[in-house]
>>> print(open('upload34.cif').read())   # mmCIF, C-alpha atoms
data_run
loop_
_atom_site.label_atom_id
_atom_site.label_comp_id
_atom_site.auth_asym_id
_atom_site.auth_seq_id
_atom_site.Cartn_x
_atom_site.Cartn_y
_atom_site.Cartn_z
CA MET A 139 -40.84 124.75 -92.81
CA ILE A 140 -42.17 121.58 -94.50
CA GLU A 141 -44.15 118.93 -92.60
CA ILE A 142 -44.94 115.67 -94.38
CA SER A 143 -47.33 113.51 -92.39
CA HIS A 144 -48.34 109.93 -93.29
CA LEU A 145 -48.19 110.69 -97.01
CA THR A 146 -49.43 107.88 -99.26
CA LYS A 147 -49.97 107.74 -103.01
CA ARG A 148 -51.49 104.82 -104.89
CA TYR A 149 -51.85 104.31 -108.63
CA GLY A 150 -54.37 101.51 -108.75
CA GLU A 151 -52.66 98.56 -107.12
CA HIS A 152 -49.24 100.21 -107.23
CA LEU A 153 -48.12 101.90 -104.00
CA ALA A 154 -45.73 104.70 -105.05
CA VAL A 155 -45.44 106.41 -101.65
CA SER A 156 -46.17 104.59 -98.41
CA ASP A 157 -46.94 106.34 -95.11
CA LEU A 158 -44.10 108.86 -95.52
CA SER A 159 -43.46 111.31 -92.66
CA PHE A 160 -40.61 113.79 -92.12
CA THR A 161 -39.99 117.45 -91.26
CA VAL A 162 -37.73 119.89 -93.14
CA ASP A 163 -36.42 122.83 -91.10
CA SER A 164 -35.56 126.30 -92.38
CA GLY A 165 -32.18 127.36 -93.73
CA GLN A 166 -30.65 124.00 -94.66
CA ILE A 167 -29.97 121.97 -97.78
CA TYR A 168 -31.69 118.58 -97.84
CA GLY A 169 -30.84 115.76 -100.20
CA PHE A 170 -33.78 113.54 -101.16
CA LEU A 171 -32.09 110.30 -102.04
CA GLY A 172 -33.28 107.07 -103.56
CA PRO A 173 -32.91 104.79 -106.58
CA ASN A 174 -34.98 105.33 -109.70
CA GLY A 175 -38.57 104.39 -108.94
CA ALA A 176 -38.24 104.98 -105.19
CA GLY A 177 -41.00 107.62 -105.17
CA LYS A 178 -38.92 110.82 -105.11
CA SER A 179 -40.63 112.62 -108.00
CA THR A 180 -44.09 111.53 -106.86
CA THR A 181 -43.42 112.90 -103.38
CA MET A 182 -42.09 116.19 -104.76
CA ASN A 183 -45.08 116.61 -107.07
CA ILE A 184 -47.38 116.14 -104.09
CA MET A 185 -45.33 118.54 -101.94
CA THR A 186 -45.64 121.27 -104.58
CA GLY A 187 -49.35 120.77 -105.18
CA CYS A 188 -48.92 119.34 -108.68
CA LEU A 189 -50.33 115.96 -107.68
CA SER A 190 -52.98 114.86 -105.21
CA ALA A 191 -52.30 112.43 -102.39
CA THR A 192 -54.25 109.30 -101.57
CA GLU A 193 -53.73 109.91 -97.86
CA GLY A 194 -51.74 112.19 -95.58
CA SER A 195 -50.92 115.89 -95.47
CA VAL A 196 -48.26 118.39 -96.53
CA ARG A 197 -47.82 121.72 -94.75
CA ILE A 198 -45.56 124.49 -96.02
CA ASP A 199 -44.74 126.97 -93.25
CA GLY A 200 -48.05 126.06 -91.60
CA HIS A 201 -50.19 126.15 -94.78
CA ASP A 202 -51.78 122.90 -95.96
CA ILE A 203 -50.90 122.38 -99.64
CA PHE A 204 -54.36 120.88 -100.33
CA GLU A 205 -56.56 123.15 -98.20
CA GLU A 206 -54.61 126.41 -98.71
CA PRO A 207 -52.90 125.89 -102.08
CA GLY A 208 -52.59 129.60 -102.89
CA GLN A 209 -50.73 130.51 -99.70
CA ALA A 210 -48.61 127.35 -99.71
CA LYS A 211 -47.52 127.55 -103.34
CA LYS A 212 -46.36 131.15 -102.95
CA LEU A 213 -43.70 129.84 -100.57
CA ILE A 214 -42.34 127.26 -103.05
CA GLY A 215 -40.06 127.53 -106.07
CA TYR A 216 -40.11 124.28 -108.04
CA LEU A 217 -37.95 122.85 -110.81
CA PRO A 218 -39.42 119.57 -112.14
CA GLU A 219 -37.13 116.91 -113.60
CA GLN A 220 -38.13 118.19 -117.07
CA PRO A 221 -37.89 122.03 -116.87
CA PRO A 222 -41.12 123.64 -118.18
CA LEU A 223 -39.37 125.93 -120.67
CA TYR A 224 -40.77 127.66 -123.74
CA LEU A 225 -38.00 126.97 -126.23
CA ASN A 226 -38.90 129.70 -128.73
CA GLU A 227 -38.53 132.43 -126.11
CA THR A 228 -35.39 133.95 -124.64
CA PRO A 229 -34.67 133.42 -120.93
CA GLU A 230 -35.63 137.05 -120.26
CA GLU A 231 -38.95 136.69 -122.09
CA TYR A 232 -39.69 133.40 -120.37
CA LEU A 233 -38.86 134.78 -116.92
CA ARG A 234 -41.12 137.78 -117.54
CA PHE A 235 -43.98 135.42 -118.40
CA VAL A 236 -43.38 133.29 -115.29
CA GLY A 237 -43.03 136.38 -113.08
CA GLU A 238 -46.35 137.77 -114.29
CA ALA A 239 -47.99 134.39 -113.72
CA LYS A 240 -46.72 134.60 -110.13
CA GLY A 241 -48.30 138.02 -109.71
CA LEU A 242 -45.22 140.24 -110.14
CA ARG A 243 -45.69 143.56 -111.91
CA GLY A 244 -43.82 146.73 -112.89
CA SER A 245 -40.52 147.63 -111.32
CA GLU A 246 -40.67 144.71 -108.88
CA LEU A 247 -40.96 142.27 -111.79
CA GLU A 248 -37.99 143.84 -113.58
CA ARG A 249 -35.94 143.88 -110.38
CA GLN A 250 -36.54 140.21 -109.68
CA ILE A 251 -35.82 139.20 -113.28
CA ASP A 252 -32.47 141.01 -113.17
CA GLU A 253 -31.74 139.47 -109.78
CA VAL A 254 -32.42 135.83 -110.71
CA ILE A 255 -30.56 136.20 -114.03
CA ALA A 256 -27.49 137.36 -112.10
CA GLN A 257 -27.96 134.79 -109.34
CA THR A 258 -28.06 131.86 -111.77
CA GLY A 259 -25.29 133.22 -114.03
CA ILE A 260 -27.25 133.40 -117.29
CA GLU A 261 -26.49 137.02 -118.20
CA GLU A 262 -24.59 136.03 -121.35
CA VAL A 263 -27.50 134.00 -122.75
CA ALA A 264 -30.45 136.07 -121.48
CA HIS A 265 -31.31 137.22 -125.02
CA ARG A 266 -30.72 133.96 -126.90
CA ARG A 267 -33.49 131.53 -127.71
CA ILE A 268 -33.77 128.84 -125.05
CA SER A 269 -33.78 126.18 -127.80
CA ALA A 270 -30.19 127.16 -128.65
CA LEU A 271 -28.89 126.83 -125.09
CA SER A 272 -26.92 123.93 -123.64
CA LYS A 273 -28.66 121.64 -121.14
CA GLY A 274 -26.67 123.24 -118.35
CA TYR A 275 -27.96 126.71 -119.21
CA LYS A 276 -31.50 125.35 -119.60
CA GLN A 277 -31.26 123.98 -116.07
CA ARG A 278 -30.11 127.40 -114.87
CA VAL A 279 -33.08 129.05 -116.57
CA GLY A 280 -35.32 126.49 -114.86
CA ILE A 281 -33.80 127.32 -111.50
CA ALA A 282 -34.16 131.05 -112.23
CA GLN A 283 -37.91 130.67 -112.76
CA ALA A 284 -38.15 128.79 -109.46
CA LEU A 285 -36.52 131.74 -107.68
CA LEU A 286 -39.02 134.32 -108.96
CA GLY A 287 -41.48 135.45 -106.31
CA SER A 288 -38.90 135.16 -103.50
CA PRO A 289 -40.02 131.73 -102.26
CA LYS A 290 -38.76 130.47 -98.92
CA VAL A 291 -38.37 126.91 -100.19
CA ILE A 292 -36.62 125.75 -103.38
CA ILE A 293 -37.46 122.21 -104.55
CA LEU A 294 -35.35 120.75 -107.35
CA ASP A 295 -36.05 117.36 -108.91
CA GLU A 296 -32.87 115.72 -110.26
CA PRO A 297 -31.27 119.08 -111.21
CA THR A 298 -28.02 117.55 -112.53
CA VAL A 299 -29.41 114.71 -114.66
CA GLY A 300 -27.94 114.69 -118.17
CA LEU A 301 -25.31 117.35 -117.48
CA ASP A 302 -21.62 117.01 -118.26
CA PRO A 303 -19.09 117.03 -115.36
CA ILE A 304 -18.39 120.77 -115.60
CA GLN A 305 -22.10 121.62 -115.68
CA ILE A 306 -22.73 119.33 -112.70
CA ILE A 307 -20.10 121.17 -110.65
CA GLU A 308 -21.62 124.52 -111.62
CA ILE A 309 -25.15 123.46 -110.62
CA ARG A 310 -23.85 122.04 -107.34
CA ASP A 311 -22.13 125.34 -106.56
CA LEU A 312 -25.35 127.17 -107.39
CA ILE A 313 -27.33 124.95 -105.03
CA LYS A 314 -24.82 125.63 -102.26
CA GLU A 315 -25.22 129.35 -102.84
CA LEU A 316 -29.02 129.09 -102.77
CA GLY A 317 -28.73 127.30 -99.43
CA ARG A 318 -27.41 130.51 -97.87
CA THR A 319 -30.77 132.26 -98.31
CA HIS A 320 -33.34 129.49 -98.88
CA THR A 321 -34.39 126.12 -97.61
CA VAL A 322 -33.40 123.78 -100.44
CA LEU A 323 -34.68 120.26 -101.06
CA PHE A 324 -33.32 118.46 -104.10
CA SER A 325 -33.63 114.88 -105.25
CA SER A 326 -30.89 112.70 -106.66
CA HIS A 327 -29.88 109.08 -107.05
CA ILE A 328 -26.19 110.06 -107.00
CA LEU A 329 -24.89 109.51 -103.48
CA SER A 330 -21.65 111.46 -103.85
CA GLU A 331 -23.69 114.46 -104.96
CA VAL A 332 -25.84 114.71 -101.84
CA GLN A 333 -22.87 113.91 -99.61
CA THR A 334 -20.99 116.89 -101.09
CA ILE A 335 -23.81 119.43 -100.87
CA CYS A 336 -26.29 118.56 -98.15
CA ASP A 337 -26.69 119.33 -94.46
CA GLN A 338 -29.26 116.55 -94.09
CA ILE A 339 -30.06 113.45 -96.13
CA ILE A 340 -33.50 111.88 -96.53
CA MET A 341 -33.34 108.34 -97.94
CA ILE A 342 -36.34 106.50 -99.33
CA ALA A 343 -36.74 103.09 -100.91
CA LYS A 344 -39.94 101.58 -102.32
CA GLY A 345 -41.79 104.74 -101.27
CA ARG A 346 -40.79 104.36 -97.63
CA LEU A 347 -38.49 106.42 -95.44
CA VAL A 348 -35.40 104.38 -94.51
CA ALA A 349 -33.12 107.05 -93.01
CA PHE A 350 -33.03 110.76 -92.15
CA ASP A 351 -29.82 112.22 -90.71
CA THR A 352 -26.63 114.13 -91.45
CA PRO A 353 -24.09 112.52 -93.81
CA GLU A 354 -21.63 112.23 -90.90
CA ASN A 355 -24.11 110.47 -88.60
CA LEU A 356 -25.23 108.10 -91.32
CA GLU A 357 -21.62 107.07 -91.88
CA GLN A 358 -20.90 106.78 -88.17
CA HIS A 359 -24.01 104.96 -86.95
CA LEU A 360 -25.56 103.05 -89.82
CA LEU A 361 -22.71 101.56 -91.82
CA SER A 362 -21.36 98.12 -91.06
CA PRO A 363 -17.98 98.16 -89.27
CA ASN A 364 -14.96 99.41 -91.21
CA GLN A 365 -13.33 96.79 -93.37
CA VAL A 366 -9.88 95.78 -94.56
CA VAL A 367 -9.37 93.60 -97.64
CA LEU A 368 -6.03 91.82 -98.03
CA THR A 369 -4.56 89.43 -100.57
CA THR A 370 -1.81 86.96 -99.75
CA ASP A 371 -0.11 83.83 -101.13
CA ALA A 372 -0.54 82.08 -97.78
CA GLY A 373 -3.08 79.27 -97.63
CA ALA A 374 -6.52 79.77 -96.11
CA GLU A 375 -5.77 77.82 -92.92
CA GLU A 376 -2.47 79.63 -92.49
CA VAL A 377 -4.28 82.97 -92.87
CA ARG A 378 -6.75 81.93 -90.16
CA ALA A 379 -3.86 81.01 -87.89
CA LEU A 380 -2.06 84.32 -88.50
CA LEU A 381 -5.21 86.30 -87.83
CA GLY A 382 -6.00 84.33 -84.70
CA GLY A 383 -3.60 86.53 -82.76
CA VAL A 384 -5.07 89.83 -83.99
CA ASP A 385 -7.59 91.49 -81.66
CA HIS A 386 -10.76 93.39 -82.62
CA ILE A 387 -11.63 91.28 -85.66
CA THR A 388 -15.42 90.94 -85.65
CA GLU A 389 -15.91 89.18 -88.98
CA LEU A 390 -13.65 87.27 -91.36
CA ALA A 391 -14.45 85.95 -94.84
CA LEU A 392 -11.85 84.11 -96.94
CA GLU A 393 -11.94 83.52 -100.67
CA GLU A 394 -9.48 81.33 -102.57
CA GLY A 395 -8.82 82.39 -106.17
CA GLU A 396 -7.94 80.25 -109.15
CA ASP A 397 -4.46 81.78 -109.07
CA GLY A 398 -3.84 80.23 -105.64
CA LEU A 399 -4.06 83.56 -103.82
CA VAL A 400 -6.32 84.10 -100.82
CA THR A 401 -8.40 87.23 -100.30
CA ALA A 402 -9.50 88.01 -96.75
CA ARG A 403 -12.29 90.49 -95.95
CA ILE A 404 -11.95 91.59 -92.36
CA LYS A 405 -14.32 93.75 -90.30
CA THR A 406 -13.38 95.43 -87.04
CA ASP A 407 -14.98 97.28 -84.14
CA LEU A 408 -11.99 99.62 -83.81
CA SER A 409 -12.77 103.31 -84.28
CA SER A 410 -9.73 103.61 -86.58
CA VAL A 411 -9.46 101.01 -89.31
CA TYR A 412 -5.78 101.94 -89.70
CA ASP A 413 -5.07 100.42 -86.28
CA LEU A 414 -6.29 97.10 -87.69
CA SER A 415 -4.18 97.55 -90.84
CA ARG A 416 -1.09 98.07 -88.70
CA ALA A 417 -1.82 94.92 -86.65
CA LEU A 418 -2.36 92.86 -89.80
CA PHE A 419 0.92 94.02 -91.29
CA PHE A 420 2.92 93.01 -88.23
CA ALA A 421 1.07 89.68 -87.89
CA PHE A 422 1.99 88.64 -91.43
CA ALA A 423 5.54 89.97 -91.04
CA ALA A 424 6.01 87.93 -87.86
CA GLY A 425 4.74 84.85 -89.67
CA GLY A 426 7.08 85.40 -92.56
CA ARG A 427 4.26 85.66 -95.08
CA ALA A 428 3.76 88.37 -97.72
CA LEU A 429 0.89 90.79 -97.94
CA LEU A 430 0.48 91.25 -101.69
CA GLU A 431 -2.29 93.82 -101.32
CA LEU A 432 -3.92 95.63 -98.42
CA THR A 433 -6.93 97.88 -98.99
CA VAL A 434 -8.83 99.93 -96.43
CA LYS A 435 -12.55 100.21 -97.10
CA LYS A 436 -13.90 103.23 -95.27
CA ALA A 437 -17.48 104.31 -94.66
CA ASN A 438 -19.37 105.74 -97.63
CA LEU A 439 -22.99 106.62 -98.28
CA GLU A 440 -23.40 104.14 -101.11
CA ASP A 441 -22.81 101.21 -98.77
CA ILE A 442 -25.21 102.76 -96.25
CA PHE A 443 -27.95 103.22 -98.81
CA LEU A 444 -27.62 99.71 -100.20
CA GLU A 445 -27.66 98.30 -96.67
CA LEU A 446 -30.78 100.25 -95.70
CA ALA A 447 -32.62 99.69 -98.97
CA GLU A 448 -32.00 95.94 -98.86
CA ALA A 449 -33.00 95.76 -95.19
CA ASP A 450 -36.30 97.56 -95.78
CA ASP A 451 -39.08 95.03 -96.29
CA GLY A 452 -42.24 96.99 -95.71
CA GLY A 453 -40.94 98.74 -92.62
CA LEU A 454 -37.95 100.14 -90.81
CA GLU A 455 -35.79 97.28 -89.65
CA ALA A 456 -32.70 99.03 -88.37
CA PRO A 457 -33.12 100.09 -84.72
CA ALA A 458 -30.71 103.02 -85.12
CA VAL A 459 -32.89 104.44 -87.87
CA GLU A 460 -36.07 104.07 -85.85
CA ILE A 461 -34.55 105.81 -82.84
CA GLU A 462 -33.41 108.78 -84.93
CA LEU A 463 -36.81 109.14 -86.61
CA GLU A 464 -38.68 108.99 -83.30
CA GLU A 465 -36.46 111.73 -81.88
CA ARG A 466 -37.15 113.95 -84.89
CA GLU A 467 -40.90 113.50 -84.60
CA VAL A 468 -40.84 114.51 -80.95
CA ASP A 469 -38.70 117.53 -81.75
CA GLY A 470 -40.95 118.64 -84.45
CA GLU A 471 -40.69 109.86 -99.14
#
>>> encode(input="upload34.cif", output="structure tokens")
Amino acid sequence: MIEISHLTKRYGEHLAVSDLSFTVDSGQIYGFLGPNGAGKSTTMNIMTGCLSATEGSVRIDGHDIFEEPGQAKKLIGYLPEQPPLYLNETPEEYLRFVGEAKGLRGSELERQIDEVIAQTGIEEVAHRRISALSKGYKQRVGIAQALLGSPKVIILDEPTVGLDPIQIIEIRDLIKELGRTHTVLFSSHILSEVQTICDQIIMIAKGRLVAFDTPENLEQHLLSPNQVVLTTDAGAEEVRALLGGVDHITELALEEGEDGLVTARIKTDLSSVYDLSRALFFAFAAGGRALLELTVKKANLEDIFLELAEADDGGLEAPAVEIELEEREVDGE
């Protein structure tokens, strides 16, 4: 559905997007993930034809966004980070204006307006001025305008920024619903958000692609081994001795606190970190020493992203990431 090939964008000496390539397939929800300044908005503006590229190409369902902008843009519904709303109009008036700008007329225009108003849940505020609406409703109006014209692809730039917790949940549910009938690509710097919603996650850092996979595969293949953190009143050397009889410890780091307690951070190659927790408990019990605290640190996307972003130094360093990307390019910021 979307093919990004060797996309590069420079602003003078600043490289905002660097040789970015990936493919988005139909009928899935994609999370475009990266810290602020990673190049997400720049990439999306190029994908939607709002910004030129220094190098590379973008194809939407086979249409080049630069060479065939009319055909390509008809396939895209776009919500920028700042929704382009006319605050003195009502949502219905604004949607009519946008629909006409997209070439809709007559009964088809009215039908689509009614449809997107219902789909985004703004019936109750359709006749109020947009300036009087909450930010959550303004975001819904912005999404409604993106849906006009029946685009195949919906692109949303930071759709939950500035919303309260209830509004965030509502927008997430709306994105899930849109994913049933559209290909959805939305950007975020909130890892829990993309993990909750997305089928696939695209991670970028410093304008470069650092990972592209499902949330489950990223957790399974790219995160450092599972970790257990324990605190004890045993001395550091005694802790080393107690742990010497525990198998499957791949890494051990000890830290002595000012209160005399020792914290041990332990990594394992076991598939279940709870098996390690059980072994640690019995090792300390057999040695007659107390475990004051035992915490299991399981895989999460935040650790993955930090690991990948820190590892990226002008290229892809992690072999697992390179292998996955090569496979995707053969199959087919």
>>> resolve_selection(input="upload34.cif", expression="the PyMOL selection byres ((chain A and resi 244-260) around 12)", output="count of residues only")
51
>>> residues_around(input="upload34.cif", residues="Asn183 (chain A)", least_positions_apart="6", cutoff="12 Å", atoms="all atoms listed in the file", output="JSON, numbers by chain")
{"A": [147, 155, 177, 189, 190, 191, 196, 203, 211, 214, 216, 217, 218, 219, 293, 294, 295, 325, 471]}
>>> resolve_selection(input="upload34.cif", expression="the PyMOL selection byres ((chain A and resi 326-343) around 6)", output="list in words")
Ile167, Tyr168, Gly169, Phe170, Leu171, Gly172, Pro173, Ala176, Glu296, Ser325, Lys344, Gly345, Arg346, Leu347, Val348, Ala349, Phe350, Asp351, Thr352, Ala447 and Glu471 of chain A
>>> resolve_selection(input="upload34.cif", expression="the PyMOL selection byres ((chain A and resi 386) around 6)", output="list in words")
Asp385, Ile387, Thr406 and Asp407 of chain A
>>> atom_distance(input="upload34.cif", atom1="CA of Asn355 (chain A)", atom2="CA of Thr186 (chain A)")
28.9 Å
>>> atom_distance(input="upload34.cif", atom1="CA of Ala374 (chain A)", atom2="CA of Leu390 (chain A)")
11.4 Å
>>> atom_distance(input="upload34.cif", atom1="CA of Glu193 (chain A)", atom2="CA of Gln220 (chain A)")
26.1 Å
>>> residues_around(input="upload34.cif", residues="Met185 (chain A)", least_positions_apart="5", cutoff="9 Å", atoms="all atoms listed in the file", output="list of chain:residue names")
A:Ile140, A:Ile142, A:Thr180, A:Ser195, A:Val196, A:Arg197, A:Ile198, A:Ile203
>>> residues_near_point(input="upload34.cif", point="(-51.0, 125.5, -97.4)", cutoff="7 Å", atoms="all atoms listed in the file", output="number ranges by chain")
A: 197-198, 200-207, 209-210
>>> closest_residue(input="upload34.cif", among="A:Leu223, A:Gly194, A:Ser415, A:Glu141", to="Asp157 (chain A)", atoms="all atoms listed in the file")
A:Gly194
>>> residues_near_point(input="upload34.cif", point="(-37.9, 114.6, -91.0)", cutoff="7 Å", atoms="all atoms listed in the file", output="list in words")
Ser159, Phe160, Thr161, Val162, Phe350 and Arg466 of chain A
>>> axis_aligned_box(input="upload34.cif", around="region 316-335 of chain A", padding_each_side="3 Å", output="lines of an AutoDock Vina configuration file")
center_x = -27.8
center_y = 120.7
center_z = -102.3
size_x = 19.7
size_y = 29.2
size_z = 15.4
>>> decode(input="upload34.cif", residues="region 213-223 of chain A", atoms="all heavy atoms", output="PDB file, in the first residue's frame")
ATOM      1  N   LEU A 213      -5.903   8.839  -2.161  1.00  0.00           N
ATOM      2  CA  LEU A 213      -5.888   7.595  -1.391  1.00  0.00           C
ATOM      3  C   LEU A 213      -5.552   7.824   0.075  1.00  0.00           C
ATOM      4  O   LEU A 213      -5.571   6.887   0.869  1.00  0.00           O
ATOM      5  CB  LEU A 213      -4.876   6.615  -1.998  1.00  0.00           C
ATOM      6  CG  LEU A 213      -5.110   6.241  -3.467  1.00  0.00           C
ATOM      7  CD1 LEU A 213      -3.919   5.456  -4.000  1.00  0.00           C
ATOM      8  CD2 LEU A 213      -6.387   5.424  -3.607  1.00  0.00           C
ATOM      9  N   ILE A 214      -5.225   9.083   0.445  1.00  0.00           N
ATOM     10  CA  ILE A 214      -4.713   9.382   1.783  1.00  0.00           C
ATOM     11  C   ILE A 214      -5.661  10.307   2.536  1.00  0.00           C
ATOM     12  O   ILE A 214      -6.126  11.317   2.002  1.00  0.00           O
ATOM     13  CB  ILE A 214      -3.332  10.064   1.709  1.00  0.00           C
ATOM     14  CG1 ILE A 214      -2.331   9.172   0.973  1.00  0.00           C
ATOM     15  CG2 ILE A 214      -2.810  10.382   3.105  1.00  0.00           C
ATOM     16  CD1 ILE A 214      -1.024   9.890   0.670  1.00  0.00           C
ATOM     17  N   GLY A 215      -5.936   9.975   3.794  1.00  0.00           N
ATOM     18  CA  GLY A 215      -6.562  10.897   4.725  1.00  0.00           C
ATOM     19  C   GLY A 215      -5.538  11.263   5.778  1.00  0.00           C
ATOM     20  O   GLY A 215      -4.939  10.379   6.391  1.00  0.00           O
ATOM     21  N   TYR A 216      -5.309  12.558   5.998  1.00  0.00           N
ATOM     22  CA  TYR A 216      -4.184  12.984   6.833  1.00  0.00           C
ATOM     23  C   TYR A 216      -4.642  13.915   7.942  1.00  0.00           C
ATOM     24  O   TYR A 216      -5.377  14.888   7.703  1.00  0.00           O
ATOM     25  CB  TYR A 216      -3.155  13.696   5.951  1.00  0.00           C
ATOM     26  CG  TYR A 216      -1.916  14.189   6.664  1.00  0.00           C
ATOM     27  CD1 TYR A 216      -1.295  13.427   7.659  1.00  0.00           C
ATOM     28  CD2 TYR A 216      -1.340  15.412   6.326  1.00  0.00           C
ATOM     29  CE1 TYR A 216      -0.147  13.873   8.295  1.00  0.00           C
ATOM     30  CE2 TYR A 216      -0.190  15.865   6.956  1.00  0.00           C
ATOM     31  CZ  TYR A 216       0.398  15.100   7.942  1.00  0.00           C
ATOM     32  OH  TYR A 216       1.529  15.541   8.579  1.00  0.00           O
ATOM     33  N   LEU A 217      -4.205  13.615   9.151  1.00  0.00           N
ATOM     34  CA  LEU A 217      -4.385  14.514  10.291  1.00  0.00           C
ATOM     35  C   LEU A 217      -3.008  14.962  10.763  1.00  0.00           C
ATOM     36  O   LEU A 217      -2.277  14.180  11.365  1.00  0.00           O
ATOM     37  CB  LEU A 217      -5.119  13.816  11.437  1.00  0.00           C
ATOM     38  CG  LEU A 217      -5.227  14.640  12.732  1.00  0.00           C
ATOM     39  CD1 LEU A 217      -6.127  15.841  12.530  1.00  0.00           C
ATOM     40  CD2 LEU A 217      -5.732  13.782  13.885  1.00  0.00           C
ATOM     41  N   PRO A 218      -2.616  16.224  10.486  1.00  0.00           N
ATOM     42  CA  PRO A 218      -1.334  16.726  10.999  1.00  0.00           C
ATOM     43  C   PRO A 218      -1.355  16.816  12.522  1.00  0.00           C
ATOM     44  O   PRO A 218      -2.410  16.706  13.162  1.00  0.00           O
ATOM     45  CB  PRO A 218      -1.219  18.119  10.368  1.00  0.00           C
ATOM     46  CG  PRO A 218      -2.241  18.155   9.282  1.00  0.00           C
ATOM     47  CD  PRO A 218      -3.336  17.220   9.698  1.00  0.00           C
ATOM     48  N   GLU A 219      -0.180  17.062  13.093  1.00  0.00           N
ATOM     49  CA  GLU A 219      -0.093  17.190  14.558  1.00  0.00           C
ATOM     50  C   GLU A 219      -0.954  18.347  15.049  1.00  0.00           C
ATOM     51  O   GLU A 219      -1.569  18.268  16.108  1.00  0.00           O
ATOM     52  CB  GLU A 219       1.358  17.390  14.972  1.00  0.00           C
ATOM     53  CG  GLU A 219       1.554  17.409  16.479  1.00  0.00           C
ATOM     54  CD  GLU A 219       3.007  17.451  16.884  1.00  0.00           C
ATOM     55  OE1 GLU A 219       3.875  17.376  15.998  1.00  0.00           O
ATOM     56  OE2 GLU A 219       3.281  17.554  18.086  1.00  0.00           O
ATOM     57  N   GLN A 220      -1.024  19.438  14.278  1.00  0.00           N
ATOM     58  CA  GLN A 220      -1.919  20.559  14.577  1.00  0.00           C
ATOM     59  C   GLN A 220      -3.090  20.485  13.594  1.00  0.00           C
ATOM     60  O   GLN A 220      -2.927  20.827  12.422  1.00  0.00           O
ATOM     61  CB  GLN A 220      -1.185  21.894  14.441  1.00  0.00           C
ATOM     62  CG  GLN A 220      -0.028  22.067  15.401  1.00  0.00           C
ATOM     63  CD  GLN A 220      -0.472  22.108  16.847  1.00  0.00           C
ATOM     64  OE1 GLN A 220      -1.568  22.569  17.155  1.00  0.00           O
ATOM     65  NE2 GLN A 220       0.376  21.624  17.743  1.00  0.00           N
ATOM     66  N   PRO A 221      -4.270  20.026  14.015  1.00  0.00           N
ATOM     67  CA  PRO A 221      -5.401  19.860  13.092  1.00  0.00           C
ATOM     68  C   PRO A 221      -5.739  21.171  12.387  1.00  0.00           C
ATOM     69  O   PRO A 221      -5.851  22.222  13.025  1.00  0.00           O
ATOM     70  CB  PRO A 221      -6.543  19.424  14.022  1.00  0.00           C
ATOM     71  CG  PRO A 221      -5.870  18.825  15.214  1.00  0.00           C
ATOM     72  CD  PRO A 221      -4.613  19.607  15.391  1.00  0.00           C
ATOM     73  N   PRO A 222      -5.921  21.149  11.061  1.00  0.00           N
ATOM     74  CA  PRO A 222      -6.190  22.376  10.294  1.00  0.00           C
ATOM     75  C   PRO A 222      -7.664  22.758  10.365  1.00  0.00           C
ATOM     76  O   PRO A 222      -8.399  22.676   9.380  1.00  0.00           O
ATOM     77  CB  PRO A 222      -5.785  21.971   8.872  1.00  0.00           C
ATOM     78  CG  PRO A 222      -6.089  20.502   8.821  1.00  0.00           C
ATOM     79  CD  PRO A 222      -5.808  19.966  10.205  1.00  0.00           C
ATOM     80  N   LEU A 223      -8.108  23.194  11.527  1.00  0.00           N
ATOM     81  CA  LEU A 223      -9.529  23.467  11.751  1.00  0.00           C
ATOM     82  C   LEU A 223      -9.832  24.961  11.610  1.00  0.00           C
ATOM     83  O   LEU A 223      -9.009  25.811  11.973  1.00  0.00           O
ATOM     84  CB  LEU A 223      -9.934  22.997  13.155  1.00  0.00           C
ATOM     85  CG  LEU A 223      -9.643  21.538  13.504  1.00  0.00           C
ATOM     86  CD1 LEU A 223     -10.037  21.246  14.948  1.00  0.00           C
ATOM     87  CD2 LEU A 223     -10.374  20.597  12.550  1.00  0.00           C
TER      88      LEU A 223
END
